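So this block is model03.cif, mmCIF, C-alpha atoms and all ligand atoms:
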```
data_coords
#
loop_
_atom_site.label_atom_id
_atom_site.label_comp_id
_atom_site.auth_asym_id
_atom_site.auth_seq_id
_atom_site.Cartn_x
_atom_site.Cartn_y
_atom_site.Cartn_z
CA MET E 1 0.00 0.00 0.00
CA PRO E 2 1.41 3.46 -0.84
CA GLU E 3 2.82 5.31 2.21
CA ALA E 4 0.39 8.20 1.76
CA VAL E 5 -2.73 6.02 2.15
CA SER E 6 -3.87 6.05 5.79
CA THR E 7 -5.92 3.00 6.74
CA ALA E 8 -7.22 4.49 9.97
CA SER E 9 -8.79 7.53 8.33
CA HIS E 10 -10.86 5.28 6.09
CA LEU E 11 -12.35 3.24 8.92
CA MET E 12 -15.75 4.20 10.29
CA ASN E 13 -15.70 5.61 13.77
CA ASN E 14 -18.01 3.11 15.47
CA TYR E 15 -15.23 1.66 17.64
CA GLY E 16 -13.81 5.05 18.61
CA VAL E 17 -10.10 5.60 19.02
CA ARG E 18 -7.97 2.50 19.55
CA THR E 19 -4.54 3.02 20.96
CA VAL E 20 -2.96 -0.41 20.71
CA GLU E 21 -2.33 -2.42 17.56
CA MET E 22 -2.29 -6.18 18.10
CA VAL E 23 -0.20 -8.24 15.73
CA ARG E 24 0.44 -11.66 17.27
CA GLY E 25 -0.90 -14.12 19.82
CA GLU E 26 0.48 -17.13 21.64
CA GLY E 27 -1.55 -19.08 24.19
CA VAL E 28 -2.97 -16.59 26.70
CA TYR E 29 -0.72 -13.74 25.52
CA LEU E 30 -1.11 -11.07 22.86
CA PHE E 31 1.70 -8.91 21.45
CA ASP E 32 1.33 -5.41 20.05
CA SER E 33 3.21 -3.82 17.16
CA ASN E 34 5.85 -2.51 19.61
CA GLY E 35 6.51 -6.02 20.87
CA LYS E 36 4.82 -5.46 24.24
CA GLN E 37 3.31 -8.60 25.74
CA TYR E 38 -0.18 -8.64 27.31
CA LEU E 39 -1.87 -11.24 29.49
CA ASP E 40 -5.15 -11.65 27.66
CA TYR E 41 -8.24 -11.75 29.87
CA VAL E 42 -10.43 -10.56 26.99
CA ALA E 43 -9.76 -13.42 24.56
CA GLY E 44 -11.41 -11.59 21.69
CA ILE E 45 -14.46 -11.07 23.97
CA ALA E 46 -14.92 -14.70 24.98
CA VAL E 47 -14.10 -15.88 21.46
CA CYS E 48 -10.58 -17.34 21.59
CA SER E 49 -11.67 -20.33 23.64
CA LEU E 50 -8.41 -22.20 23.04
CA GLY E 51 -6.13 -19.19 23.27
CA HIS E 52 -4.04 -17.87 20.41
CA ALA E 53 -2.29 -20.01 17.81
CA HIS E 54 -3.47 -23.28 19.38
CA PRO E 55 -1.72 -26.05 17.39
CA ALA E 56 -4.91 -28.09 16.85
CA ILE E 57 -6.77 -25.04 15.51
CA THR E 58 -3.84 -23.97 13.34
CA LYS E 59 -3.63 -27.46 11.89
CA THR E 60 -7.37 -27.74 11.27
CA ILE E 61 -7.44 -24.37 9.53
CA SER E 62 -4.44 -25.06 7.34
CA ASP E 63 -5.53 -28.61 6.44
CA GLN E 64 -9.03 -27.44 5.60
CA ALA E 65 -7.78 -24.37 3.71
CA ALA E 66 -5.66 -26.65 1.59
CA THR E 67 -8.68 -28.89 0.95
CA LEU E 68 -11.85 -26.78 0.68
CA ILE E 69 -12.66 -23.45 2.32
CA HIS E 70 -16.10 -22.83 0.90
CA CYS E 71 -18.55 -24.35 -1.52
CA SER E 72 -22.02 -22.88 -0.59
CA ASN E 73 -25.01 -24.56 0.98
CA TYR E 74 -26.11 -25.86 -2.42
CA TYR E 75 -24.10 -28.92 -1.46
CA GLU E 76 -23.84 -31.20 1.51
CA ILE E 77 -20.99 -30.34 3.84
CA PRO E 78 -19.83 -33.31 5.90
CA GLN E 79 -18.38 -31.13 8.66
CA GLN E 80 -21.82 -29.60 9.20
CA LYS E 81 -23.29 -33.03 9.71
CA SER E 82 -20.73 -34.09 12.30
CA LEU E 83 -20.88 -30.73 14.11
CA SER E 84 -24.67 -30.78 14.25
CA SER E 85 -24.73 -34.27 15.72
CA LYS E 86 -22.15 -33.34 18.36
CA LEU E 87 -24.10 -30.21 19.37
CA ALA E 88 -27.36 -32.15 19.39
CA ALA E 89 -25.85 -34.76 21.71
CA LEU E 90 -24.45 -32.11 24.04
CA SER E 91 -27.64 -30.03 24.18
CA GLY E 92 -30.37 -32.66 23.95
CA LEU E 93 -31.85 -30.64 21.07
CA ASP E 94 -32.29 -32.17 17.64
CA LYS E 95 -31.44 -29.88 14.75
CA ALA E 96 -28.85 -27.21 13.94
CA PHE E 97 -28.57 -24.25 11.58
CA PHE E 98 -25.20 -22.56 11.08
CA CYS E 99 -24.53 -18.87 10.55
CA ASN E 100 -21.59 -16.55 11.22
CA SER E 101 -22.10 -14.62 14.46
CA GLY E 102 -24.10 -14.30 17.63
CA THR E 103 -26.46 -11.66 16.37
CA GLU E 104 -27.19 -13.72 13.29
CA ALA E 105 -27.94 -16.74 15.46
CA ASN E 106 -30.42 -14.69 17.50
CA GLU E 107 -31.89 -13.12 14.38
CA ALA E 108 -32.46 -16.61 13.01
CA ALA E 109 -33.98 -17.72 16.32
CA ILE E 110 -36.45 -14.79 16.22
CA LYS E 111 -37.44 -15.80 12.71
CA LEU E 112 -37.72 -19.48 13.60
CA ALA E 113 -39.92 -18.70 16.63
CA ARG E 114 -42.30 -16.63 14.52
CA LYS E 115 -42.32 -19.19 11.73
CA TYR E 116 -43.11 -21.95 14.21
CA ALA E 117 -46.08 -19.97 15.55
CA ALA E 118 -47.27 -19.23 12.01
CA SER E 119 -46.91 -22.88 11.04
CA LYS E 120 -49.34 -23.76 13.82
CA GLY E 121 -51.80 -21.14 12.60
CA GLU E 122 -51.08 -18.87 15.57
CA GLU E 123 -50.77 -15.69 13.57
CA GLN E 124 -51.22 -13.50 16.68
CA ARG E 125 -48.13 -15.01 18.33
CA VAL E 126 -45.51 -12.52 17.18
CA GLU E 127 -44.09 -10.98 20.35
CA ILE E 128 -40.53 -11.54 21.45
CA VAL E 129 -39.86 -10.94 25.14
CA SER E 130 -36.40 -10.29 26.56
CA LEU E 131 -34.95 -9.55 29.98
CA PRO E 132 -33.90 -6.22 31.45
CA ASN E 133 -30.15 -5.71 30.97
CA ALA E 134 -30.04 -8.26 28.11
CA PHE E 135 -27.66 -8.20 25.17
CA HIS E 136 -28.49 -10.20 22.05
CA GLY E 137 -26.64 -8.38 19.27
CA ARG E 138 -26.62 -5.42 16.90
CA THR E 139 -28.68 -6.40 13.85
CA LEU E 140 -32.13 -4.87 13.90
CA GLY E 141 -34.04 -7.85 15.32
CA SER E 142 -31.45 -8.72 17.96
CA LEU E 143 -31.06 -5.01 18.78
CA SER E 144 -34.82 -4.78 19.31
CA ILE E 145 -34.54 -7.29 22.18
CA THR E 146 -31.41 -5.59 23.57
CA PRO E 147 -32.95 -2.96 25.84
CA LYS E 148 -30.10 -0.51 26.00
CA ALA E 149 -31.05 3.04 25.05
CA ALA E 150 -27.56 3.96 23.82
CA TYR E 151 -27.50 1.02 21.40
CA GLN E 152 -31.06 1.54 20.14
CA ALA E 153 -30.90 5.33 19.77
CA GLY E 154 -31.47 6.51 16.24
CA TYR E 155 -32.51 3.10 14.89
CA GLN E 156 -36.24 3.33 15.52
CA PRO E 157 -38.65 1.97 14.51
CA LEU E 158 -37.39 -1.32 15.90
CA LEU E 159 -38.99 -4.74 15.43
CA PRO E 160 -42.72 -4.56 16.20
CA GLY E 161 -43.62 -6.97 18.98
CA ALA E 162 -40.24 -6.80 20.73
CA HIS E 163 -40.89 -6.24 24.40
CA THR E 164 -38.68 -5.96 27.50
CA PRO E 165 -40.29 -5.38 30.91
CA GLY E 166 -38.56 -2.86 33.15
CA ASN E 167 -38.18 -5.34 36.02
CA LEU E 168 -37.07 -8.95 35.96
CA THR E 169 -39.98 -9.94 38.21
CA ASP E 170 -42.41 -8.72 35.55
CA VAL E 171 -41.02 -11.01 32.85
CA PRO E 172 -43.22 -14.08 33.51
CA SER E 173 -46.43 -12.08 33.30
CA ALA E 174 -45.20 -10.39 30.10
CA ILE E 175 -45.12 -13.83 28.46
CA THR E 176 -48.61 -14.46 27.07
CA GLU E 177 -50.46 -16.26 24.27
CA LYS E 178 -49.10 -13.52 21.99
CA THR E 179 -45.48 -14.41 22.79
CA ALA E 180 -43.58 -16.36 20.16
CA ALA E 181 -40.44 -16.60 22.29
CA CYS E 182 -38.68 -15.33 25.36
CA PHE E 183 -34.91 -14.89 25.13
CA VAL E 184 -32.74 -15.33 28.20
CA GLU E 185 -29.04 -15.37 29.01
CA ILE E 186 -27.92 -17.46 31.99
CA ILE E 187 -25.23 -14.93 32.87
CA GLN E 188 -25.66 -11.49 31.32
CA GLY E 189 -22.15 -10.90 30.01
CA GLU E 190 -22.51 -7.51 28.36
CA GLY E 191 -24.87 -6.62 31.18
CA GLY E 192 -21.97 -6.75 33.65
CA VAL E 193 -21.39 -10.49 34.10
CA ARG E 194 -24.58 -10.72 36.15
CA PRO E 195 -25.99 -14.24 36.65
CA VAL E 196 -29.76 -14.15 36.19
CA ASP E 197 -31.64 -15.36 39.27
CA GLU E 198 -32.01 -19.12 38.79
CA ALA E 199 -35.47 -19.36 40.34
CA MET E 200 -36.59 -16.63 37.95
CA LEU E 201 -35.15 -18.52 34.99
CA ARG E 202 -37.14 -21.58 36.05
CA ALA E 203 -40.28 -19.45 36.47
CA ILE E 204 -39.79 -18.04 32.97
CA ASP E 205 -39.31 -21.55 31.59
CA ALA E 206 -42.50 -22.72 33.31
CA ARG E 207 -44.44 -19.69 32.08
CA CYS E 208 -43.28 -20.27 28.49
CA LYS E 209 -44.50 -23.85 28.68
CA GLU E 210 -47.79 -22.78 30.25
CA VAL E 211 -48.69 -20.37 27.43
CA GLY E 212 -47.00 -22.19 24.53
CA ALA E 213 -44.17 -19.68 24.00
CA LEU E 214 -40.68 -20.88 23.10
CA LEU E 215 -37.78 -20.48 25.50
CA VAL E 216 -34.63 -19.35 23.69
CA VAL E 217 -31.41 -19.56 25.68
CA ASP E 218 -28.73 -17.26 24.27
CA GLU E 219 -25.49 -19.15 24.94
CA VAL E 220 -23.47 -16.93 22.62
CA GLN E 221 -21.18 -15.83 25.44
CA THR E 222 -21.80 -18.52 28.08
CA GLY E 223 -21.65 -21.55 25.77
CA VAL E 224 -18.81 -23.84 24.69
CA GLY E 225 -17.46 -24.49 28.15
CA ARG E 226 -17.18 -20.87 29.26
CA THR E 227 -18.95 -21.49 32.58
CA GLY E 228 -17.42 -24.90 33.22
CA ASP E 229 -20.36 -26.73 31.67
CA PHE E 230 -20.55 -27.06 27.91
CA TYR E 231 -23.84 -25.11 28.12
CA ALA E 232 -24.52 -22.84 31.09
CA TYR E 233 -28.23 -23.69 31.14
CA SER E 234 -27.53 -27.35 31.92
CA ALA E 235 -26.73 -26.40 35.53
CA ILE E 236 -30.01 -24.50 36.00
CA GLY E 237 -32.70 -27.09 35.30
CA ILE E 238 -34.50 -25.44 32.41
CA THR E 239 -35.34 -26.93 29.01
CA PRO E 240 -34.88 -24.55 26.11
CA ASP E 241 -36.67 -25.02 22.81
CA ILE E 242 -33.91 -23.13 21.02
CA VAL E 243 -30.27 -22.44 21.93
CA THR E 244 -28.11 -19.91 20.13
CA MET E 245 -24.32 -20.02 20.05
CA ALA E 246 -21.31 -18.25 18.47
CA LYS E 247 -18.14 -16.70 20.00
CA GLY E 248 -16.10 -19.61 21.46
CA LEU E 249 -17.48 -22.15 18.99
CA GLY E 250 -15.02 -21.16 16.29
CA ALA E 251 -12.09 -20.18 18.55
CA GLY E 252 -11.74 -17.03 16.41
CA VAL E 253 -13.09 -18.30 13.10
CA PRO E 254 -16.56 -16.75 12.67
CA ILE E 255 -19.40 -19.20 13.21
CA GLY E 256 -22.79 -19.09 14.87
CA ALA E 257 -25.35 -21.82 15.46
CA VAL E 258 -29.02 -22.20 16.25
CA LEU E 259 -30.14 -25.47 17.82
CA ALA E 260 -33.80 -26.39 18.10
CA ARG E 261 -36.19 -29.12 19.09
CA GLU E 262 -37.27 -31.24 16.15
CA GLU E 263 -40.85 -29.99 16.17
CA VAL E 264 -39.74 -26.34 16.22
CA ALA E 265 -37.08 -26.85 13.56
CA ALA E 266 -39.70 -28.44 11.32
CA ALA E 267 -41.24 -24.99 10.82
CA TRP E 268 -38.36 -24.25 8.46
CA THR E 269 -38.68 -25.81 5.04
CA PRO E 270 -36.39 -25.26 2.02
CA GLY E 271 -36.06 -21.52 1.45
CA SER E 272 -37.28 -20.43 4.93
CA HIS E 273 -33.88 -19.04 5.88
CA GLY E 274 -30.32 -19.15 4.64
CA SER E 275 -26.78 -17.86 4.73
CA THR E 276 -24.09 -17.79 2.06
CA PHE E 277 -21.18 -18.33 4.42
CA GLY E 278 -23.02 -20.08 7.24
CA GLY E 279 -21.49 -23.42 8.18
CA ASN E 280 -18.88 -23.47 5.45
CA PRO E 281 -16.28 -26.26 5.49
CA LEU E 282 -13.58 -24.08 7.08
CA ALA E 283 -15.75 -22.79 9.93
CA THR E 284 -17.40 -26.11 10.69
CA SER E 285 -14.17 -28.09 10.59
CA VAL E 286 -12.66 -25.69 13.14
CA ALA E 287 -15.80 -25.86 15.29
CA ASN E 288 -15.62 -29.67 15.23
CA THR E 289 -12.09 -29.46 16.60
CA VAL E 290 -13.14 -26.94 19.27
CA VAL E 291 -16.11 -29.02 20.39
CA ASP E 292 -14.02 -32.21 20.55
CA ILE E 293 -11.49 -30.51 22.82
CA VAL E 294 -13.82 -28.45 25.01
CA SER E 295 -16.51 -31.08 25.60
CA ALA E 296 -14.02 -33.53 27.16
CA PRO E 297 -14.97 -33.91 30.86
CA SER E 298 -11.36 -33.30 31.93
CA PHE E 299 -11.25 -30.03 29.97
CA LEU E 300 -14.47 -28.80 31.58
CA GLU E 301 -13.12 -29.79 34.99
CA HIS E 302 -10.03 -27.72 34.22
CA VAL E 303 -12.27 -24.72 33.47
CA ARG E 304 -14.15 -25.15 36.75
CA ASP E 305 -10.97 -25.66 38.77
CA THR E 306 -9.10 -22.70 37.26
CA GLY E 307 -12.29 -20.67 37.56
CA ARG E 308 -12.52 -21.28 41.30
CA TYR E 309 -8.91 -20.18 41.67
CA LEU E 310 -9.58 -17.06 39.63
CA GLU E 311 -12.67 -16.27 41.69
CA GLU E 312 -10.63 -16.44 44.91
CA ALA E 313 -8.01 -14.12 43.44
CA LEU E 314 -10.63 -11.64 42.25
CA ARG E 315 -12.16 -11.43 45.70
CA GLN E 316 -8.87 -9.86 46.82
CA ILE E 317 -9.01 -7.38 43.95
CA GLY E 318 -12.56 -6.12 43.57
CA THR E 319 -16.03 -6.15 45.08
CA GLU E 320 -19.24 -7.81 43.86
CA VAL E 321 -17.36 -10.65 42.21
CA THR E 322 -19.87 -12.61 40.13
CA GLY E 323 -19.69 -15.25 37.44
CA ARG E 324 -18.94 -18.92 36.88
CA GLY E 325 -16.21 -21.00 35.30
CA LEU E 326 -13.98 -18.60 33.39
CA MET E 327 -16.48 -15.76 33.10
CA TRP E 328 -16.18 -13.20 35.89
CA GLY E 329 -16.97 -9.59 36.67
CA PHE E 330 -16.21 -7.28 39.55
CA THR E 331 -17.08 -3.72 40.49
CA VAL E 332 -14.77 -0.71 40.54
CA ASP E 333 -15.44 3.02 40.64
CA ASN E 334 -14.51 3.68 37.04
CA ALA E 335 -14.28 0.60 34.85
CA LYS E 336 -12.88 2.38 31.78
CA GLU E 337 -10.06 3.89 33.82
CA TYR E 338 -9.35 0.56 35.53
CA VAL E 339 -9.12 -1.22 32.17
CA ALA E 340 -6.84 1.51 30.75
CA ASN E 341 -4.52 1.18 33.76
CA ALA E 342 -4.45 -2.59 33.44
CA LEU E 343 -3.49 -2.24 29.79
CA GLN E 344 -0.46 -0.19 30.86
CA LYS E 345 0.46 -3.01 33.25
CA GLY E 346 0.22 -5.58 30.47
CA VAL E 347 -3.20 -7.01 31.31
CA LEU E 348 -6.15 -7.00 28.92
CA LEU E 349 -9.54 -6.59 30.61
CA SER E 350 -12.83 -5.19 29.34
CA ALA E 351 -15.26 -2.73 30.85
CA VAL E 352 -18.94 -3.58 30.72
CA GLY E 353 -20.89 -0.55 31.79
CA GLU E 354 -19.60 2.24 34.02
CA SER E 355 -18.41 0.18 36.94
CA ARG E 356 -18.00 -3.45 35.94
CA VAL E 357 -14.78 -5.09 34.80
CA ARG E 358 -15.13 -8.35 32.87
CA LEU E 359 -12.71 -11.27 32.59
CA VAL E 360 -13.39 -13.90 29.91
CA PRO E 361 -9.95 -15.42 29.30
CA SER E 362 -9.30 -18.34 27.04
CA LEU E 363 -10.29 -21.66 28.58
CA ILE E 364 -6.72 -22.96 28.49
CA LEU E 365 -5.85 -20.45 31.21
CA GLU E 366 -3.82 -21.98 34.05
CA LYS E 367 -3.47 -21.09 37.72
CA LYS E 368 -0.05 -19.58 37.07
CA HIS E 369 -1.74 -17.09 34.74
CA VAL E 370 -4.07 -16.13 37.59
CA ASP E 371 -1.02 -15.53 39.82
CA GLU E 372 0.46 -13.48 37.01
CA LEU E 373 -2.75 -11.44 36.75
CA VAL E 374 -2.60 -10.60 40.45
CA GLU E 375 1.10 -9.78 40.23
CA ARG E 376 0.75 -7.53 37.17
CA LEU E 377 -2.29 -5.69 38.51
CA SER E 378 -0.52 -4.98 41.80
CA ARG E 379 2.44 -3.37 40.04
C1 LIG E 401 -25.18 -13.04 24.90
C2 LIG E 401 -24.80 -12.46 23.58
N1 LIG E 401 -25.61 -12.61 22.53
C3 LIG E 401 -25.30 -12.12 21.32
C4 LIG E 401 -24.14 -11.43 21.10
C5 LIG E 401 -23.81 -10.89 19.74
O1 LIG E 401 -22.82 -11.64 19.16
P1 LIG E 401 -22.01 -11.07 17.89
O2 LIG E 401 -21.24 -9.91 18.35
O3 LIG E 401 -21.19 -12.25 17.44
O4 LIG E 401 -23.02 -10.70 16.87
C6 LIG E 401 -23.25 -11.25 22.17
C7 LIG E 401 -21.99 -10.49 21.98
O5 LIG E 401 -21.39 -10.01 22.88
C8 LIG E 401 -23.58 -11.78 23.43
O6 LIG E 401 -22.79 -11.63 24.49
#
```
Mind converting the file's structure to structure tokens?
Amino acid sequence: MPEAVSTASHLMNNYGVRTVEMVRGEGVYLFDSNGKQYLDYVAGIAVCSLGHAHPAITKTISDQAATLIHCSNYYEIPQQKSLSSKLAALSGLDKAFFCNSGTEANEAAIKLARKYAASKGEEQRVEIVSLPNAFHGRTLGSLSITPKAAYQAGYQPLLPGAHTPGNLTDVPSAITEKTAACFVEIIQGEGGVRPVDEAMLRAIDARCKEVGALLVVDEVQTGVGRTGDFYAYSAIGITPDIVTMAKGLGAGVPIGAVLAREEVAAAWTPGSHGSTFGGNPLATSVANTVVDIVSAPSFLEHVRDTGRYLEEALRQIGTEVTGRGLMWGFTVDNAKEYVANALQKGVLLSAVGESRVRLVPSLILEKKHVDELVERLSR
């Protein structure tokens, strides 16, 4: 590229000013263009489930790139078949659809829920209910069930029928015969790493079943071993009709998934929905590798064990420490400032909201990296 052409000035400003340029990763470390090393507790926002440059992922990508990256969904893709059967076995759901991101997975789930209602002749059942403090993505449908004024501002009118009660306790009564689906997260990641009250989740599940609405569990951030279970909902005792996934599933290669009960999935017939890139051989071969590694009981035990150690350490650092597995948040006075200071000390953290600091490191994190976190932050 000619010297005079500035890349930065041609990027849109939606991410604001970024001060650090990342060029390389290795395990739980990232390196910037000045060669500075960072301990990575962001992991691409809960995406790099196996850290950076994991040999099994590198090998899968390079083998698959040398074989077939993409061919379109006109043709059968064997990696989709194996991935869907693995995810079905892990979730207890029956069918999968693959897309490229979390918001696309939720968008597809909104469409599937409405289509299912329509297929049963329930034309009035169009409402989508979500929880206060939820985050489901940035495309218009997912944004409509993400009740954050700053994200929604200027994009009205949003999806008709999207509805978020102001209080969590009002959610069950907001679910009615007009509700196609209620979306829940088990731990609200963008909402500050706040676990949703488990009794309330069970009440919402029961209410959905009572009125014939679908329960959609958004496992985009909590799924793929993040909480120490392959799916966070499995520890709660609820039975989703649909589960959405993305982030950690591709370990950095974009992929999203929607899983559904057979009867719900049957509402989609050829042409009902689609994606050019969704589930291509590259993405699904990587996801197969990720799922094989992460679903191993010993791997999940490692996440739980390291997570407990991290939790203990965080209790010495901050207040209101909440989370599970390797997904934690704590409270500080000024989260942005705290994260900026940590960056100087060689630790990558993210701020969610004004006062919450989030840690979603890669799942290969070890206890020595927790000790290193404490040591670096105390510098
Ligand atoms: C729970 C949840 N759902 C959906 C999304 C959107 O995912 P994506 O950014 O891949 O569209 C996110 C992203 O942070 C998320 O945390």
Enclose the full set of atoms of ligand LIG 401 (chain E) listed in the file within a box whose edges lie along x, y and z, apply 5 Å of padding to each of the six sides, and report centre and edge lengths in Å to one decimal as lines of an AutoDock Vina configuration file.
```
center_x = -23.4
center_y = -11.5
center_z = 20.9
size_x = 14.4
size_y = 13.1
size_z = 18.0
```
List the neighbours of Ile187 in chain E out to 8 Å using only C-alpha atoms; skip same-chain residues closer than 2 positions along the sequence, and give me the result as a PDB file with C-alpha atoms, keeping the file's coordinate frame.
```
ATOM      1  CA  GLU E 185     -29.040 -15.370  29.010  1.00  0.00           C
ATOM      2  CA  GLY E 189     -22.150 -10.900  30.010  1.00  0.00           C
ATOM      3  CA  VAL E 193     -21.390 -10.490  34.100  1.00  0.00           C
ATOM      4  CA  ARG E 194     -24.580 -10.720  36.150  1.00  0.00           C
ATOM      5  CA  PRO E 195     -25.990 -14.240  36.650  1.00  0.00           C
ATOM      6  CA  VAL E 196     -29.760 -14.150  36.190  1.00  0.00           C
ATOM      7  CA  THR E 222     -21.800 -18.520  28.080  1.00  0.00           C
ATOM      8  CA  GLY E 323     -19.690 -15.250  37.440  1.00  0.00           C
TER       9      GLY E 323
END
```
### Task
Please provide the set of residues having any atom within 6 Å of Thr227 in chain E, restricted to all atoms listed in the file, with same-chain residues fewer than 5 positions apart removed, written as JSON, numbers by chain.
{"E": [232, 324, 325, 326]}
Keeping C-alpha atoms for every residue in the selection just given, could you write it to a file as a CSV table (one decimal), in the frame of the given file?
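The resulting file, part.csv, is shown below:
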```
chain,number,residue,atom,x,y,z
E,232,ALA,CA,-24.5,-22.8,31.1
E,324,ARG,CA,-18.9,-18.9,36.9
E,325,GLY,CA,-16.2,-21.0,35.3
E,326,LEU,CA,-14.0,-18.6,33.4
```
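CA of Ala351 in chain E sits 6.5 Å away from CA of Val339 in chain E.
Shortest atom-to-atom contact with Gly346 in chain E among E:Val224, E:Ala43, E:Ile364, E:Leu373: E:Leu373, counting only C-alpha atoms.
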Dump as CSV the rows for residues of chain E within 7 Å of ligand LIG 401 (chain E): closest atom pair and distance in Å with one decimal, only C-alpha atoms and all ligand atoms counted, ordered by chain and rising residue number.
```
residue,atom,partner,partner_atom,distance
E:Ser101,CA,E:LIG401,O3,3.9
E:Gly102,CA,E:LIG401,O1,3.3
E:Thr103,CA,E:LIG401,O4,3.6
E:Glu104,CA,E:LIG401,O4,6.3
E:Asn106,CA,E:LIG401,C3,6.9
E:Phe135,CA,E:LIG401,C2,5.4
E:His136,CA,E:LIG401,N1,3.8
E:Gly137,CA,E:LIG401,C5,3.8
E:Arg138,CA,E:LIG401,O4,6.4
E:Glu185,CA,E:LIG401,C1,6.1
E:Gln188,CA,E:LIG401,C1,6.6
E:Gly189,CA,E:LIG401,O6,5.6
E:Glu190,CA,E:LIG401,O6,5.7
E:Asp218,CA,E:LIG401,C1,5.6
E:Glu219,CA,E:LIG401,C1,6.1
E:Val220,CA,E:LIG401,C2,4.8
E:Gln221,CA,E:LIG401,O6,4.6
E:Ala246,CA,E:LIG401,O3,6.1
E:Lys247,CA,E:LIG401,O3,6.0
```
Only C-alpha atoms, please: the residues just picked out, written as an mmCIF file, in the coordinates of the input.
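So the final result, stored in selection-v1.cif, reads:
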```cif
data_model
loop_
_atom_site.group_PDB
_atom_site.id
_atom_site.type_symbol
_atom_site.label_atom_id
_atom_site.label_comp_id
_atom_site.auth_asym_id
_atom_site.auth_seq_id
_atom_site.Cartn_x
_atom_site.Cartn_y
_atom_site.Cartn_z
ATOM 1 C CA SER E 101 -22.100 -14.620 14.460
ATOM 2 C CA GLY E 102 -24.100 -14.300 17.630
ATOM 3 C CA THR E 103 -26.460 -11.660 16.370
ATOM 4 C CA GLU E 104 -27.190 -13.720 13.290
ATOM 5 C CA ASN E 106 -30.420 -14.690 17.500
ATOM 6 C CA PHE E 135 -27.660 -8.200 25.170
ATOM 7 C CA HIS E 136 -28.490 -10.200 22.050
ATOM 8 C CA GLY E 137 -26.640 -8.380 19.270
ATOM 9 C CA ARG E 138 -26.620 -5.420 16.900
ATOM 10 C CA GLU E 185 -29.040 -15.370 29.010
ATOM 11 C CA GLN E 188 -25.660 -11.490 31.320
ATOM 12 C CA GLY E 189 -22.150 -10.900 30.010
ATOM 13 C CA GLU E 190 -22.510 -7.510 28.360
ATOM 14 C CA ASP E 218 -28.730 -17.260 24.270
ATOM 15 C CA GLU E 219 -25.490 -19.150 24.940
ATOM 16 C CA VAL E 220 -23.470 -16.930 22.620
ATOM 17 C CA GLN E 221 -21.180 -15.830 25.440
ATOM 18 C CA ALA E 246 -21.310 -18.250 18.470
ATOM 19 C CA LYS E 247 -18.140 -16.700 20.000
#
```
#### Entry: Selected residue, from E:Val321, E:Leu159, E:Leu365, E:Val374, that lies nearest to Asp40 in chain E when counting only C-alpha atoms
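Smallest distance to Asp40 in chain E is found for E:Leu365.
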### Task
Find the residue from E:Tyr75, E:Tyr15, E:Phe98, E:Tyr29 that sits nearest to Ala283 in chain E; use only C-alpha atoms when measuring.
E:Phe98
#### Entry: Distance in Å - CA of Gly248 in chain E versus CA of Ser49 in chain E
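Calculated distance between CA of Gly248 in chain E and CA of Ser49 in chain E is 5.0 Å.
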